[in-house]
Amino acid sequence: MEWGPLILTFKLAFVATLFLLIVSIPLAYWLAYSKTKIKPVIETLVSMPLVLPPTVIGFYLLVAFSPSSTLGEWLDQWFRLQLVFSFEGLVFASVIYSLPFMVHPIQSGLSNLSPSLKEASYVLGKSRTQTLFKILLPNIKSSLLTGIVLAFAHTIGEFGVVLMIGGNIPDKTRVASIAIYDQVESLNYGAANTYSIILFALTFLILLMVYLVNGKQLKPFWK
Amino acid sequence: MIELAFYKKLNSPSGQMKLELDLTFEAGTFLSVYGKSGAGKTSILRILAGLLNADAGRIAVNNNLWLETSKGINLKSQKRKVGFLFQDYALFPNMSVEENLRFALEKNGDPKIVSDLIALTELGDLRQHKPTTLSGGQQQRVALARALVRQPELLMLDEPLSALDQEMRVKLQDYILEAHRTWNLTTIMISHDISEIFKMSDQVLMLDEGKMIKYAPPHEVFAQKSVSGKFQFTGEVVGIEKEEVIYIITVLIGKDAVKVVADENEATKLQLGDKVLVASKAFNPIIKKLS
């Protein structure tokens with residue numbers, strides 16, 4: 001067994017989660033407070049990865065970013081960015097694929113806060129940004145943690161999207177889930193089992209942490 | 001001088017309602033807003049604080065224009081110097097009592113006001129406590145102190161005392177009055193409690209279905225004809241009993257139930273829960289020291 005796929009998996013999950021956090025906070029804020037008519041459309045788009053087969057997302061990303069497509073050519077020309085069969089491509093695909101897992105907890109956390117908290121801060125002369133970072137986010141810590149952990153765990157578990165857009169290139173796009181598939185294909189059940197057990201144990205621990213924290217058992221340790 | 005003149009269509013449970021107000025009063029006034037629920041009381045405060053947009057109108061506070069829709073002027077909540085006491089207190093759960101107050105300080109604000117307010121509202125022992133660990137009355141005091149940190153031109157209280165028991169109420173009324181006098185505030189308070197309004201306000205604005213129906217000092221608004229009583233109290237009818245030829249009306253004044261004699265004519269006009277004025281004219285009241 002090689003460690004490469006596991007290290008790559010966690011690197012991918014870490015980077016994707018970081019980008020997800022940056023993208024999801026403004027998006028969830030907008031979804032929680034906006035009253036525009038197009039909101040249901042955006043909400044649907046964010047939730048699509050929950051129901052769509054990952055291969056569908058992977059397929060369209062592959063078509064959109066292939067060097068022969070206009071978008072792919074443009075990205076390559078201006079940013080020297082190749083999103084097909086590359087680590088950057090995996091990050092981008094993972095952000096799309098795990099978006100609902102980060103956006104939904106943050107959005108519901110914000111919606112559940114009493115609207116008067118936000119208003120009280122405005123009346124005290126504080127701007128929207130100050131209110132977001134000093135009042136809103138600190139009061140939805142457990143929602144943020146849920147989002148981070150779910151997005152992280154979900155990225156570890158992705159397979160279809162990665163296979164479509166990343167392929168199976170060692171140390172570049174061969175993440176653990178692909179490596180398992182690869183080992184089984186070559187009837188190497190022992191190695192497949194080792195990867196599987198490690199993923200099983202780690203995801204179990206990560207999810208257990210969410211339930212412990214949100215069930216308040218761990219509260220004294222992180223508050 | 002505070003000038004309010006605005007108009008707003010509101011959606012209420014009983015259909016659309018037009019909120020219309022045209023009122024000018026002196027700075028330093030303690031104004032109470034009284035009316036049925038759904039009459040538009042909270043909407044008035046929210047429009048003043050800039051949390052709700054009026055459809056048209058003008059708000060000027062001490063010669064500063066806050067709203068003038070015809071000129072496109074509409075100051076954001078952040079720019080209006082208001083203190084707002086929310087019905088649910090809206091204390092920030094992630095901050096301690098002192099941090100809640102400090103958060104309200106302006107960039108170059110003098111932190112001394114925070115300690116002054118903590119002293120005024122007697123919160124010294126609770127400085128480091130988180131709001132969720134405090135009782136209702138304590139939370140209310142923190143909210144009041146926090147609303148005063150910016151030394152607002154307009155202090156607005158949205159039914160601040162409705163969730164508290166009588167003893168706590170009286171205490172908080174005193175805190176509010178003291179703050180009102182100390183900082184020379186202009187205060188607007190929503191209240192359902194007539195005795196509270198009598199105790200605190202200079203003027204009462206009575207509201208029905210979004211329209212102002214009365215604006216006058218409390219005794220003119222609530223007493224049908226003026227009583228030149230030697231002493232008078234307001235209370236709530238909690239009992240009506242018929243005895244031979246007269247009626248005994250039990251009135252709750254503050255914490256005490258008082259029995260008052262009434263004839264049939266008067267008694268049939270009263271119902272349980274009515275707010276009444278109890279006054280005495282002919283007799284000299286007896287005074288007796290308590291405890």
# chains A, B, ... in the order shown; residues from 1 in each chain; ligands from 1
>>> interface_residues(of="chain A", to="chain B", cutoff="7 Å", atoms="only C-alpha atoms", output="ChimeraX atom specification")
/A:116-117,120,122-126,135,138-139
>>> select_by_dssp(residues="stretch 1-218 of chain A", states="alpha helix (DSSP H)", output="PyMOL selection string")
chain A and resi 4-33+39-51+54-65+70-79+87-112+115-123+128-131+141-156+160-165+176-185+189-214
>>> closest_residue(among="A:Tyr181, A:Tyr97, A:Phe85, A:Trp3", to="A:Ser66", atoms="only C-alpha atoms")
A:Phe85
>>> closest_residue(among="B:Ser12, B:Gln151, B:Thr268, B:Thr29", to="B:Leu177", atoms="only C-alpha atoms")
B:Thr29
>>> select_by_dssp(residues="stretch 44-246 of chain B", states="strand (DSSP E)", output="ChimeraX atom specification")
/B:56-61,64-68,73-74,82-85,154-158,186-190,203-208,211-216,231-243,246
>>> residues_around(residues="B:Ala179", least_positions_apart="2", cutoff="12 Å", atoms="only C-alpha atoms", output="number ranges by chain")
B: 28, 30, 83, 116-121, 141, 144-149, 151-152, 155, 172-177, 181-187, 200
>>> residues_around(residues="B:Gly137", least_positions_apart="3", cutoff="10 Å", atoms="only C-alpha atoms", output="JSON, numbers by chain")
{"B": [134, 140, 141, 142, 143, 161, 163, 164, 165, 167, 168, 169, 171, 172]}
>>> write_last_selection(atoms="N, CA and C atoms", output="short mmCIF file (atom, residue, chain, number, x, y, z; two decimals), in the first residue's frame")
data_model
loop_
_atom_site.label_atom_id
_atom_site.label_comp_id
_atom_site.auth_asym_id
_atom_site.auth_seq_id
_atom_site.Cartn_x
_atom_site.Cartn_y
_atom_site.Cartn_z
N LEU B 134 -28.40 35.03 33.08
CA LEU B 134 -29.06 36.07 33.88
C LEU B 134 -30.57 35.88 33.91
N GLN B 140 -32.82 42.58 31.18
CA GLN B 140 -33.45 43.85 30.82
C GLN B 140 -32.57 45.04 31.19
N ARG B 141 -31.94 44.96 32.36
CA ARG B 141 -31.06 46.04 32.79
C ARG B 141 -29.86 46.15 31.87
N VAL B 142 -29.30 44.99 31.46
CA VAL B 142 -28.15 45.02 30.55
C VAL B 142 -28.58 45.67 29.23
N ALA B 143 -29.76 45.26 28.74
CA ALA B 143 -30.24 45.80 27.47
C ALA B 143 -30.43 47.32 27.57
N LEU B 161 -41.23 46.07 29.78
CA LEU B 161 -41.41 45.47 31.10
C LEU B 161 -42.51 44.42 31.14
N ALA B 163 -42.69 41.36 30.39
CA ALA B 163 -42.41 39.98 30.80
C ALA B 163 -41.95 39.87 32.25
N LEU B 164 -41.99 40.99 32.98
CA LEU B 164 -41.42 40.95 34.33
C LEU B 164 -42.52 40.96 35.40
N ASP B 165 -42.19 40.47 36.58
CA ASP B 165 -43.17 40.52 37.66
C ASP B 165 -43.23 41.94 38.23
N GLU B 167 -42.74 43.49 41.03
CA GLU B 167 -41.68 44.09 41.83
C GLU B 167 -40.53 44.55 40.93
N MET B 168 -40.14 43.66 40.01
CA MET B 168 -39.07 43.94 39.07
C MET B 168 -39.44 45.11 38.18
N ARG B 169 -40.72 45.13 37.79
CA ARG B 169 -41.23 46.20 36.93
C ARG B 169 -41.00 47.56 37.55
N LYS B 171 -38.96 48.44 39.83
CA LYS B 171 -37.55 48.75 39.94
C LYS B 171 -37.00 49.25 38.59
N LEU B 172 -37.40 48.55 37.54
CA LEU B 172 -36.89 48.93 36.22
C LEU B 172 -37.48 50.25 35.74
#
